$ cat data-v3.txt   # compact mmCIF, N, CA and C atoms
# COMPACT_ATOMS: atom_id res chain seq x y z
N MET Z 1 -4.51 -51.75 -14.38
CA MET Z 1 -5.62 -50.92 -13.99
C MET Z 1 -6.59 -51.74 -13.15
N THR Z 2 -7.00 -51.18 -12.04
CA THR Z 2 -7.93 -51.85 -11.15
C THR Z 2 -9.31 -51.22 -11.26
N LEU Z 3 -10.26 -51.83 -10.59
CA LEU Z 3 -11.62 -51.31 -10.63
C LEU Z 3 -11.92 -50.44 -9.42
N ASP Z 4 -10.92 -49.74 -8.93
CA ASP Z 4 -11.17 -48.75 -7.89
C ASP Z 4 -11.80 -47.52 -8.55
N PRO Z 5 -12.31 -46.58 -7.79
CA PRO Z 5 -12.97 -45.41 -8.41
C PRO Z 5 -12.08 -44.65 -9.40
N VAL Z 6 -10.81 -44.50 -9.09
CA VAL Z 6 -9.92 -43.79 -10.01
C VAL Z 6 -9.74 -44.60 -11.29
N GLY Z 7 -9.62 -45.91 -11.17
CA GLY Z 7 -9.47 -46.76 -12.35
C GLY Z 7 -10.70 -46.71 -13.25
N ILE Z 8 -11.87 -46.63 -12.65
CA ILE Z 8 -13.11 -46.54 -13.43
C ILE Z 8 -13.16 -45.21 -14.16
N ILE Z 9 -12.79 -44.13 -13.49
CA ILE Z 9 -12.78 -42.81 -14.12
C ILE Z 9 -11.78 -42.78 -15.27
N VAL Z 10 -10.62 -43.38 -15.07
CA VAL Z 10 -9.60 -43.43 -16.13
C VAL Z 10 -10.14 -44.22 -17.33
N LEU Z 11 -10.81 -45.32 -17.08
CA LEU Z 11 -11.39 -46.13 -18.16
C LEU Z 11 -12.43 -45.33 -18.94
N ILE Z 12 -13.29 -44.61 -18.23
CA ILE Z 12 -14.31 -43.79 -18.90
C ILE Z 12 -13.64 -42.70 -19.74
N LEU Z 13 -12.60 -42.08 -19.20
CA LEU Z 13 -11.89 -41.05 -19.96
C LEU Z 13 -11.20 -41.62 -21.19
N GLN Z 14 -10.66 -42.83 -21.09
CA GLN Z 14 -10.03 -43.46 -22.24
C GLN Z 14 -11.05 -43.76 -23.33
N VAL Z 15 -12.21 -44.27 -22.94
CA VAL Z 15 -13.28 -44.53 -23.92
C VAL Z 15 -13.71 -43.22 -24.57
N TYR Z 16 -13.85 -42.16 -23.77
CA TYR Z 16 -14.25 -40.86 -24.30
C TYR Z 16 -13.19 -40.31 -25.26
N PHE Z 17 -11.91 -40.52 -24.93
CA PHE Z 17 -10.81 -40.10 -25.80
C PHE Z 17 -10.97 -40.72 -27.19
N TYR Z 18 -11.21 -42.03 -27.23
CA TYR Z 18 -11.36 -42.70 -28.53
C TYR Z 18 -12.66 -42.32 -29.21
N ALA Z 19 -13.68 -41.98 -28.44
CA ALA Z 19 -14.93 -41.49 -29.04
C ALA Z 19 -14.69 -40.15 -29.73
N VAL Z 20 -13.90 -39.28 -29.12
CA VAL Z 20 -13.58 -37.99 -29.75
C VAL Z 20 -12.77 -38.21 -31.02
N LEU Z 21 -11.83 -39.13 -31.00
CA LEU Z 21 -11.06 -39.44 -32.21
C LEU Z 21 -11.97 -39.95 -33.32
N ALA Z 22 -12.88 -40.85 -32.98
CA ALA Z 22 -13.83 -41.37 -33.97
C ALA Z 22 -14.72 -40.25 -34.50
N TRP Z 23 -15.14 -39.34 -33.62
CA TRP Z 23 -15.99 -38.22 -34.01
C TRP Z 23 -15.27 -37.32 -35.02
N VAL Z 24 -13.99 -37.07 -34.77
CA VAL Z 24 -13.20 -36.24 -35.69
C VAL Z 24 -13.08 -36.92 -37.05
N ILE Z 25 -12.77 -38.19 -37.06
CA ILE Z 25 -12.62 -38.93 -38.32
C ILE Z 25 -13.95 -38.99 -39.07
N LEU Z 26 -15.04 -39.26 -38.34
CA LEU Z 26 -16.34 -39.34 -39.00
C LEU Z 26 -16.82 -37.98 -39.50
N SER Z 27 -16.31 -36.91 -38.95
CA SER Z 27 -16.71 -35.59 -39.43
C SER Z 27 -16.18 -35.32 -40.84
N TRP Z 28 -15.19 -36.07 -41.26
CA TRP Z 28 -14.63 -35.91 -42.60
C TRP Z 28 -15.37 -36.77 -43.63
N ILE Z 29 -16.25 -37.66 -43.17
CA ILE Z 29 -16.95 -38.59 -44.06
C ILE Z 29 -18.41 -38.16 -44.17
N PRO Z 30 -18.85 -37.75 -45.36
CA PRO Z 30 -20.25 -37.36 -45.50
C PRO Z 30 -21.15 -38.60 -45.49
N THR Z 31 -22.10 -38.64 -44.56
CA THR Z 31 -23.06 -39.74 -44.49
C THR Z 31 -24.44 -39.18 -44.18
N SER Z 32 -25.46 -39.94 -44.56
CA SER Z 32 -26.82 -39.54 -44.20
C SER Z 32 -27.14 -40.07 -42.81
N SER Z 33 -28.15 -39.50 -42.19
CA SER Z 33 -28.50 -39.91 -40.82
C SER Z 33 -29.10 -41.31 -40.77
N THR Z 34 -29.51 -41.86 -41.92
CA THR Z 34 -30.06 -43.21 -41.93
C THR Z 34 -28.98 -44.28 -42.14
N HIS Z 35 -27.82 -43.87 -42.59
CA HIS Z 35 -26.69 -44.80 -42.77
C HIS Z 35 -26.15 -45.19 -41.39
N PRO Z 36 -25.67 -46.42 -41.22
CA PRO Z 36 -25.13 -46.81 -39.91
C PRO Z 36 -24.03 -45.88 -39.39
N LEU Z 37 -23.14 -45.43 -40.27
CA LEU Z 37 -22.11 -44.49 -39.83
C LEU Z 37 -22.72 -43.15 -39.44
N GLY Z 38 -23.80 -42.77 -40.10
CA GLY Z 38 -24.50 -41.54 -39.76
C GLY Z 38 -25.11 -41.63 -38.37
N ARG Z 39 -25.62 -42.79 -38.03
CA ARG Z 39 -26.20 -42.99 -36.69
C ARG Z 39 -25.11 -42.95 -35.62
N VAL Z 40 -23.97 -43.54 -35.92
CA VAL Z 40 -22.84 -43.48 -34.98
C VAL Z 40 -22.41 -42.04 -34.80
N SER Z 41 -22.35 -41.30 -35.90
CA SER Z 41 -21.96 -39.90 -35.84
C SER Z 41 -22.94 -39.08 -35.00
N LEU Z 42 -24.23 -39.34 -35.15
CA LEU Z 42 -25.23 -38.63 -34.35
C LEU Z 42 -25.08 -38.95 -32.87
N PHE Z 43 -24.81 -40.22 -32.56
CA PHE Z 43 -24.58 -40.60 -31.16
C PHE Z 43 -23.36 -39.89 -30.59
N LEU Z 44 -22.27 -39.86 -31.37
CA LEU Z 44 -21.06 -39.19 -30.91
C LEU Z 44 -21.29 -37.69 -30.75
N ASP Z 45 -22.08 -37.09 -31.66
CA ASP Z 45 -22.43 -35.68 -31.52
C ASP Z 45 -23.08 -35.42 -30.16
N ARG Z 46 -23.98 -36.30 -29.78
CA ARG Z 46 -24.73 -36.12 -28.52
C ARG Z 46 -23.84 -36.21 -27.29
N ILE Z 47 -22.79 -37.02 -27.35
CA ILE Z 47 -21.95 -37.14 -26.16
C ILE Z 47 -20.75 -36.19 -26.17
N ILE Z 48 -20.41 -35.65 -27.35
CA ILE Z 48 -19.22 -34.79 -27.43
C ILE Z 48 -19.58 -33.30 -27.46
N TYR Z 49 -20.68 -32.94 -28.10
CA TYR Z 49 -21.04 -31.52 -28.18
C TYR Z 49 -21.19 -30.83 -26.82
N PRO Z 50 -21.73 -31.47 -25.79
CA PRO Z 50 -21.81 -30.77 -24.49
C PRO Z 50 -20.45 -30.38 -23.94
N VAL Z 51 -19.40 -31.07 -24.33
CA VAL Z 51 -18.05 -30.73 -23.85
C VAL Z 51 -17.35 -29.79 -24.83
N ILE Z 52 -17.56 -30.01 -26.12
CA ILE Z 52 -16.82 -29.24 -27.13
C ILE Z 52 -17.37 -27.82 -27.29
N LEU Z 53 -18.68 -27.63 -27.13
CA LEU Z 53 -19.25 -26.29 -27.34
C LEU Z 53 -18.70 -25.23 -26.38
N PRO Z 54 -18.58 -25.50 -25.07
CA PRO Z 54 -17.96 -24.49 -24.21
C PRO Z 54 -16.51 -24.16 -24.61
N LEU Z 55 -15.79 -25.17 -25.08
CA LEU Z 55 -14.42 -24.92 -25.55
C LEU Z 55 -14.42 -24.03 -26.79
N ARG Z 56 -15.40 -24.24 -27.69
CA ARG Z 56 -15.47 -23.43 -28.90
C ARG Z 56 -15.79 -21.98 -28.60
N ARG Z 57 -16.47 -21.73 -27.49
CA ARG Z 57 -16.74 -20.34 -27.11
C ARG Z 57 -15.46 -19.63 -26.67
N VAL Z 58 -14.51 -20.40 -26.13
CA VAL Z 58 -13.27 -19.82 -25.61
C VAL Z 58 -12.17 -19.82 -26.66
N ILE Z 59 -12.12 -20.87 -27.48
CA ILE Z 59 -11.05 -21.03 -28.46
C ILE Z 59 -11.62 -20.83 -29.86
N PRO Z 60 -11.34 -19.70 -30.49
CA PRO Z 60 -11.87 -19.46 -31.84
C PRO Z 60 -11.13 -20.33 -32.87
N PRO Z 61 -11.78 -20.61 -34.00
CA PRO Z 61 -11.10 -21.36 -35.06
C PRO Z 61 -9.92 -20.58 -35.60
N LEU Z 62 -8.92 -21.30 -36.03
CA LEU Z 62 -7.71 -20.70 -36.60
C LEU Z 62 -7.93 -20.47 -38.09
N ARG Z 63 -7.73 -19.23 -38.53
CA ARG Z 63 -7.94 -18.89 -39.93
C ARG Z 63 -6.69 -19.29 -40.73
N LEU Z 64 -6.89 -20.15 -41.73
CA LEU Z 64 -5.79 -20.61 -42.59
C LEU Z 64 -6.15 -20.32 -44.04
N GLY Z 65 -5.66 -19.22 -44.56
CA GLY Z 65 -5.99 -18.86 -45.94
C GLY Z 65 -7.48 -18.65 -46.07
N GLY Z 66 -8.11 -19.45 -46.92
CA GLY Z 66 -9.55 -19.33 -47.12
C GLY Z 66 -10.36 -20.24 -46.22
N GLY Z 67 -9.70 -21.04 -45.40
CA GLY Z 67 -10.41 -22.00 -44.56
C GLY Z 67 -10.21 -21.73 -43.08
N MET Z 68 -10.87 -22.54 -42.28
CA MET Z 68 -10.77 -22.42 -40.83
C MET Z 68 -10.40 -23.79 -40.26
N LEU Z 69 -9.60 -23.77 -39.20
CA LEU Z 69 -9.21 -25.00 -38.52
C LEU Z 69 -9.71 -24.92 -37.08
N ASP Z 70 -10.58 -25.88 -36.73
CA ASP Z 70 -11.13 -25.94 -35.39
C ASP Z 70 -10.14 -26.69 -34.50
N LEU Z 71 -9.58 -25.99 -33.52
CA LEU Z 71 -8.58 -26.58 -32.64
C LEU Z 71 -9.19 -27.23 -31.40
N THR Z 72 -10.48 -27.06 -31.18
CA THR Z 72 -11.08 -27.56 -29.94
C THR Z 72 -10.98 -29.07 -29.77
N PRO Z 73 -11.13 -29.90 -30.81
CA PRO Z 73 -10.93 -31.34 -30.58
C PRO Z 73 -9.51 -31.67 -30.13
N ILE Z 74 -8.53 -30.96 -30.66
CA ILE Z 74 -7.14 -31.20 -30.26
C ILE Z 74 -6.96 -30.81 -28.79
N VAL Z 75 -7.50 -29.66 -28.42
CA VAL Z 75 -7.41 -29.21 -27.02
C VAL Z 75 -8.10 -30.21 -26.10
N LEU Z 76 -9.27 -30.69 -26.52
CA LEU Z 76 -10.00 -31.67 -25.71
C LEU Z 76 -9.21 -32.96 -25.56
N LEU Z 77 -8.63 -33.46 -26.63
CA LEU Z 77 -7.84 -34.69 -26.56
C LEU Z 77 -6.62 -34.53 -25.67
N VAL Z 78 -5.94 -33.40 -25.78
CA VAL Z 78 -4.78 -33.15 -24.92
C VAL Z 78 -5.22 -33.05 -23.47
N GLY Z 79 -6.33 -32.36 -23.22
CA GLY Z 79 -6.84 -32.22 -21.85
C GLY Z 79 -7.22 -33.55 -21.24
N ILE Z 80 -7.88 -34.41 -22.02
CA ILE Z 80 -8.25 -35.74 -21.53
C ILE Z 80 -6.99 -36.54 -21.22
N ASN Z 81 -6.01 -36.46 -22.12
CA ASN Z 81 -4.75 -37.20 -21.92
C ASN Z 81 -4.04 -36.74 -20.65
N ILE Z 82 -3.99 -35.43 -20.42
CA ILE Z 82 -3.36 -34.91 -19.20
C ILE Z 82 -4.11 -35.38 -17.97
N LEU Z 83 -5.44 -35.33 -18.03
CA LEU Z 83 -6.25 -35.78 -16.89
C LEU Z 83 -6.04 -37.26 -16.60
N ILE Z 84 -5.93 -38.07 -17.64
CA ILE Z 84 -5.67 -39.51 -17.45
C ILE Z 84 -4.31 -39.71 -16.77
N ARG Z 85 -3.31 -38.99 -17.23
CA ARG Z 85 -1.97 -39.13 -16.65
C ARG Z 85 -1.95 -38.70 -15.18
N VAL Z 86 -2.64 -37.60 -14.87
CA VAL Z 86 -2.70 -37.13 -13.48
C VAL Z 86 -3.40 -38.17 -12.61
N LEU Z 87 -4.52 -38.68 -13.09
CA LEU Z 87 -5.26 -39.67 -12.30
C LEU Z 87 -4.45 -40.95 -12.12
N ASN Z 88 -3.73 -41.37 -13.15
CA ASN Z 88 -2.90 -42.57 -13.02
C ASN Z 88 -1.77 -42.37 -12.00
N SER Z 89 -1.23 -41.17 -11.95
CA SER Z 89 -0.15 -40.92 -10.99
C SER Z 89 -0.67 -40.81 -9.56
N VAL Z 90 -1.90 -40.34 -9.40
CA VAL Z 90 -2.52 -40.21 -8.08
C VAL Z 90 -3.02 -41.56 -7.59
N GLY Z 91 -3.68 -42.29 -8.50
CA GLY Z 91 -4.31 -43.56 -8.11
C GLY Z 91 -3.35 -44.66 -8.19
$ encode --input "data-v3.txt" --output "structure tokens"
Amino acid sequence: MTLDPVGIIVLILQVYFYAVLAWVILSWIPTSSTHPLGRVSLFLDRIIYPVILPLRRVIPPLRLGGGMLDLTPIVLLVGINILIRVLNSVG
């Protein structure tokens, strides 16, 4: 990977991909906002919600028995991965 504009965009997308993964994992861990993990979770909320909320308007949660499964993080991760692959093939 080089530091050309496409390489920088790919790097940013890769970091964002792992941020979304961390956000999903941290959503399963109950923490207070004063705990260090809670602060990380709040930071991740701020950078991921602007992207995830429009997806949630389009993709409803999947009803599974008595619970719901939010598919938007999976869709976002797949979309980021596809975008990275396209940019790598172009650049």
$ select_by_dssp --input "data-v3.txt" --residues "chain Z" --states "strand (DSSP E)" --output "ChimeraX atom specification"
/Z:62-64,67-69
$ write_last_selection --input "data-v3.txt" --atoms "N, CA and C atoms" --output "PDB file, in the coordinates of the input"
ATOM      1  N   LEU Z  62      -8.920 -21.300 -36.030  1.00  0.00           N
ATOM      2  CA  LEU Z  62      -7.710 -20.700 -36.600  1.00  0.00           C
ATOM      3  C   LEU Z  62      -7.930 -20.470 -38.090  1.00  0.00           C
ATOM      4  N   ARG Z  63      -7.730 -19.230 -38.530  1.00  0.00           N
ATOM      5  CA  ARG Z  63      -7.940 -18.890 -39.930  1.00  0.00           C
ATOM      6  C   ARG Z  63      -6.690 -19.290 -40.730  1.00  0.00           C
ATOM      7  N   LEU Z  64      -6.890 -20.150 -41.730  1.00  0.00           N
ATOM      8  CA  LEU Z  64      -5.790 -20.610 -42.590  1.00  0.00           C
ATOM      9  C   LEU Z  64      -6.150 -20.320 -44.040  1.00  0.00           C
ATOM     10  N   GLY Z  67      -9.700 -21.040 -45.400  1.00  0.00           N
ATOM     11  CA  GLY Z  67     -10.410 -22.000 -44.560  1.00  0.00           C
ATOM     12  C   GLY Z  67     -10.210 -21.730 -43.080  1.00  0.00           C
ATOM     13  N   MET Z  68     -10.870 -22.540 -42.280  1.00  0.00           N
ATOM     14  CA  MET Z  68     -10.770 -22.420 -40.830  1.00  0.00           C
ATOM     15  C   MET Z  68     -10.400 -23.790 -40.260  1.00  0.00           C
ATOM     16  N   LEU Z  69      -9.600 -23.770 -39.200  1.00  0.00           N
ATOM     17  CA  LEU Z  69      -9.210 -25.000 -38.520  1.00  0.00           C
ATOM     18  C   LEU Z  69      -9.710 -24.920 -37.080  1.00  0.00           C
TER      19      LEU Z  69
END
$ residues_around --input "data-v3.txt" --residues "Leu44 in chain Z" --least-positions-apart "5" --cutoff "6.5 Å" --atoms "all atoms listed in the file" --output "PDB file with N, CA and C atoms, in the frame of the given file"
ATOM      1  N   TRP Z  23     -15.140 -39.340 -33.620  1.00  0.00           N
ATOM      2  CA  TRP Z  23     -15.990 -38.220 -34.010  1.00  0.00           C
ATOM      3  C   TRP Z  23     -15.270 -37.320 -35.020  1.00  0.00           C
ATOM      4  N   ARG Z  39     -25.620 -42.790 -38.030  1.00  0.00           N
ATOM      5  CA  ARG Z  39     -26.200 -42.990 -36.690  1.00  0.00           C
ATOM      6  C   ARG Z  39     -25.110 -42.950 -35.620  1.00  0.00           C
ATOM      7  N   TYR Z  49     -20.680 -32.940 -28.100  1.00  0.00           N
ATOM      8  CA  TYR Z  49     -21.040 -31.520 -28.180  1.00  0.00           C
ATOM      9  C   TYR Z  49     -21.190 -30.830 -26.820  1.00  0.00           C
TER      10      TYR Z  49
END
$ select_by_dssp --input "data-v3.txt" --residues "chain Z" --states "helix (DSSP H, G or I)" --output "number ranges by chain"
Z: 5-27, 36-58, 72-90
$ atom_distance --input "data-v3.txt" --atom1 "atom N of Leu13 in chain Z" --atom2 "CA of Pro50 in chain Z"
15.5 Å
$ atom_distance --input "data-v3.txt" --atom1 "CA of Gly79 in chain Z" --atom2 "CA of Val15 in chain Z"
14.0 Å
$ residues_around --input "data-v3.txt" --residues "range 52-56 of chain Z" --least-positions-apart "2" --cutoff "8 Å" --atoms "all atoms listed in the file" --output "list of chain:residue names"
Z:Ile47, Z:Ile48, Z:Tyr49, Z:Pro50, Z:Val58, Z:Ile59, Z:Pro60, Z:Pro61, Z:Leu71, Z:Thr72, Z:Pro73, Z:Leu76
$ write_last_selection --input "data-v3.txt" --atoms "N, CA and C atoms" --output "PDB file, keeping the file's coordinate frame"
ATOM      1  N   ILE Z  47     -22.790 -37.020 -27.350  1.00  0.00           N
ATOM      2  CA  ILE Z  47     -21.950 -37.140 -26.160  1.00  0.00           C
ATOM      3  C   ILE Z  47     -20.750 -36.190 -26.170  1.00  0.00           C
ATOM      4  N   ILE Z  48     -20.410 -35.650 -27.350  1.00  0.00           N
ATOM      5  CA  ILE Z  48     -19.220 -34.790 -27.430  1.00  0.00           C
ATOM      6  C   ILE Z  48     -19.580 -33.300 -27.460  1.00  0.00           C
ATOM      7  N   TYR Z  49     -20.680 -32.940 -28.100  1.00  0.00           N
ATOM      8  CA  TYR Z  49     -21.040 -31.520 -28.180  1.00  0.00           C
ATOM      9  C   TYR Z  49     -21.190 -30.830 -26.820  1.00  0.00           C
ATOM     10  N   PRO Z  50     -21.730 -31.470 -25.790  1.00  0.00           N
ATOM     11  CA  PRO Z  50     -21.810 -30.770 -24.490  1.00  0.00           C
ATOM     12  C   PRO Z  50     -20.450 -30.380 -23.940  1.00  0.00           C
ATOM     13  N   VAL Z  58     -14.510 -20.400 -26.130  1.00  0.00           N
ATOM     14  CA  VAL Z  58     -13.270 -19.820 -25.610  1.00  0.00           C
ATOM     15  C   VAL Z  58     -12.170 -19.820 -26.660  1.00  0.00           C
ATOM     16  N   ILE Z  59     -12.120 -20.870 -27.480  1.00  0.00           N
ATOM     17  CA  ILE Z  59     -11.050 -21.030 -28.460  1.00  0.00           C
ATOM     18  C   ILE Z  59     -11.620 -20.830 -29.860  1.00  0.00           C
ATOM     19  N   PRO Z  60     -11.340 -19.700 -30.490  1.00  0.00           N
ATOM     20  CA  PRO Z  60     -11.870 -19.460 -31.840  1.00  0.00           C
ATOM     21  C   PRO Z  60     -11.130 -20.330 -32.870  1.00  0.00           C
ATOM     22  N   PRO Z  61     -11.780 -20.610 -34.000  1.00  0.00           N
ATOM     23  CA  PRO Z  61     -11.100 -21.360 -35.060  1.00  0.00           C
ATOM     24  C   PRO Z  61      -9.920 -20.580 -35.600  1.00  0.00           C
ATOM     25  N   LEU Z  71      -9.580 -25.990 -33.520  1.00  0.00           N
ATOM     26  CA  LEU Z  71      -8.580 -26.580 -32.640  1.00  0.00           C
ATOM     27  C   LEU Z  71      -9.190 -27.230 -31.400  1.00  0.00           C
ATOM     28  N   THR Z  72     -10.480 -27.060 -31.180  1.00  0.00           N
ATOM     29  CA  THR Z  72     -11.080 -27.560 -29.940  1.00  0.00           C
ATOM     30  C   THR Z  72     -10.980 -29.070 -29.770  1.00  0.00           C
ATOM     31  N   PRO Z  73     -11.130 -29.900 -30.810  1.00  0.00           N
ATOM     32  CA  PRO Z  73     -10.930 -31.340 -30.580  1.00  0.00           C
ATOM     33  C   PRO Z  73      -9.510 -31.670 -30.130  1.00  0.00           C
ATOM     34  N   LEU Z  76      -9.270 -30.690 -26.520  1.00  0.00           N
ATOM     35  CA  LEU Z  76     -10.000 -31.670 -25.710  1.00  0.00           C
ATOM     36  C   LEU Z  76      -9.210 -32.960 -25.560  1.00  0.00           C
TER      37      LEU Z  76
END
$ closest_residue --input "data-v3.txt" --among "Z:Asn81, Z:Ser41, Z:Ser89, Z:Thr31" --to "Ile12 in chain Z" --atoms "only C-alpha atoms"
Z:Asn81
